[in-house]
Amino acid sequence: MQTETAGAEGTSARASSPAGLLTRLLASDWWAAGLIFVVTRLVSLAGAYSGVQYITSVEPERNKGWAAELALMWDAAWYAGIAEGSYHYDPSASGGTNVAFAPLYPFLVRLLSDVLRALTFGWDFGHPRWGSLITAGLLISNVAFYFALVLLVRWLSGRLGRAGALTVALAVASLPTAFFFSAMYTEGLFLLLVLGAFTLSRSSGPANWLRSGLVGMLATLTRFAGLLVFPALVVEYMSQRGWSLRRGRADVLWLALVPAGIALYAGFLWWRFGSPFVFSESQLKGWNHQGSFFLFTYWESASQLWQSLTGAFPPGQDPVLYYGQGSRLYLVLDLALPVLFLAGAIAARRLLLASEWVWLALGIVYPLSTNITFSMARYVLPLWPGLIWLGALPPRARWLAWVWVGVSLILLAWCSRIYGSARWIG
């Protein structure tokens, strides 16, 4: 009896120890995702805070307060502007206009902002103009990213086991540009919707393809790259039917809802501005996005980086340092991460679904086919298939995953600081 009591007390002590508590937390999808979320968000916030503190000290005209200055950095200001005043387009403008940005995220920001102001009886959330919009945008991005981590763990657990799935989720949240998941950007919401579409495609019930198509349409209305969900889901549909056309059913037509998101937005632009293509015109004027062959695009940027590293450019005329405001890190990440993701997918090729291969490949080829490599380190954020290899490492090689995550977290803090100091953007 004394032995049994001692054993029970030992078990209780282990369960209440820090290691036992951590084990129990990791046993829950919600708590495990929350732990990954908190740790990686604190790292990115610390870096971003140090950056915005620096830029506000050297540029006194940035006087909205550190939180508002950081929240409205770069593209976030475009989304806040759409949420505040809707879309506008001027064909005579020399640069881009806000029609270049998809509508769902700013629509949700405006909707939640109105709800928050109503619930708080008009409170401005610390800033008379932007306070409620910033609060709404950050809530949407961060809540969406948290749920995306939960979905990612559940999506991968069956193939990688729990520890492997958590490793991949941690790797995604630790990527050098993963601060975008929590900024007033579409990354967090987009990842959630893409994972939702994939998850629903494998759910039970007669309406799984309808639900998957609807969520895919929302992804397309969040970012135009959501269109890539369509071929990925078509491949998923065919794989579930043994690649036999004869086994296809009319329910596959629900997947046409995914590209319908682009059609809806184009129709709105046609009605509002007289042309369905003003978003592509604005992307060309403002961001130099136009059709190109992806390998040529990559080679040109790689050549520029090499010339910059070897000092081939005349003094003061190095375009890499110009766009990076003295740093080559942005281009190193833009060129390295797609290659590392492809290499990782090849290493774990037996574990990837055919639909994940399509999502990964098109997710890399599509942005490279828009004439520039700029922001590739951000565009690869939702391409989790490129990181599955980290969750599939055998026990003797798991140190590689910890090295990857450790280096990635250091880069996350560094890149967050650069982002907060308004030096360059991914």
# chains A, B, ... in the order shown; residues from 1 in each chain; ligands from 1
call {"tool": "closest_atom_pairs", "arguments": {"of": "region 388-417 of chain A", "to": "region 163-181 of chain A", "cutoff": "6 Å", "atoms": "only C-alpha atoms", "output": "tab-separated table"}}
result
residue	atom	partner	partner_atom	distance
A:Ile388	CA	A:Val168	CA	6.0
A:Gly391	CA	A:Gly164	CA	3.7
A:Val405	CA	A:Ala171	CA	5.8
A:Ser408	CA	A:Leu175	CA	5.5
A:Leu409	CA	A:Ser174	CA	5.3
A:Leu411	CA	A:Pro176	CA	5.0
A:Leu412	CA	A:Pro176	CA	3.9
call {"tool": "closest_residue", "arguments": {"among": "A:Ala80, A:Val58, A:Leu72, A:Leu383", "to": "Gly344 (chain A)", "atoms": "only C-alpha atoms"}}
result
A:Leu383
call {"tool": "atom_distance", "arguments": {"atom1": "CA of Leu138 (chain A)", "atom2": "CA of Leu151 (chain A)"}}
result
19.8 Å
call {"tool": "closest_residue", "arguments": {"among": "A:Leu192, A:Ala93, A:Pro103, A:Phe313", "to": "Ala266 (chain A)", "atoms": "only C-alpha atoms"}}
result
A:Pro103
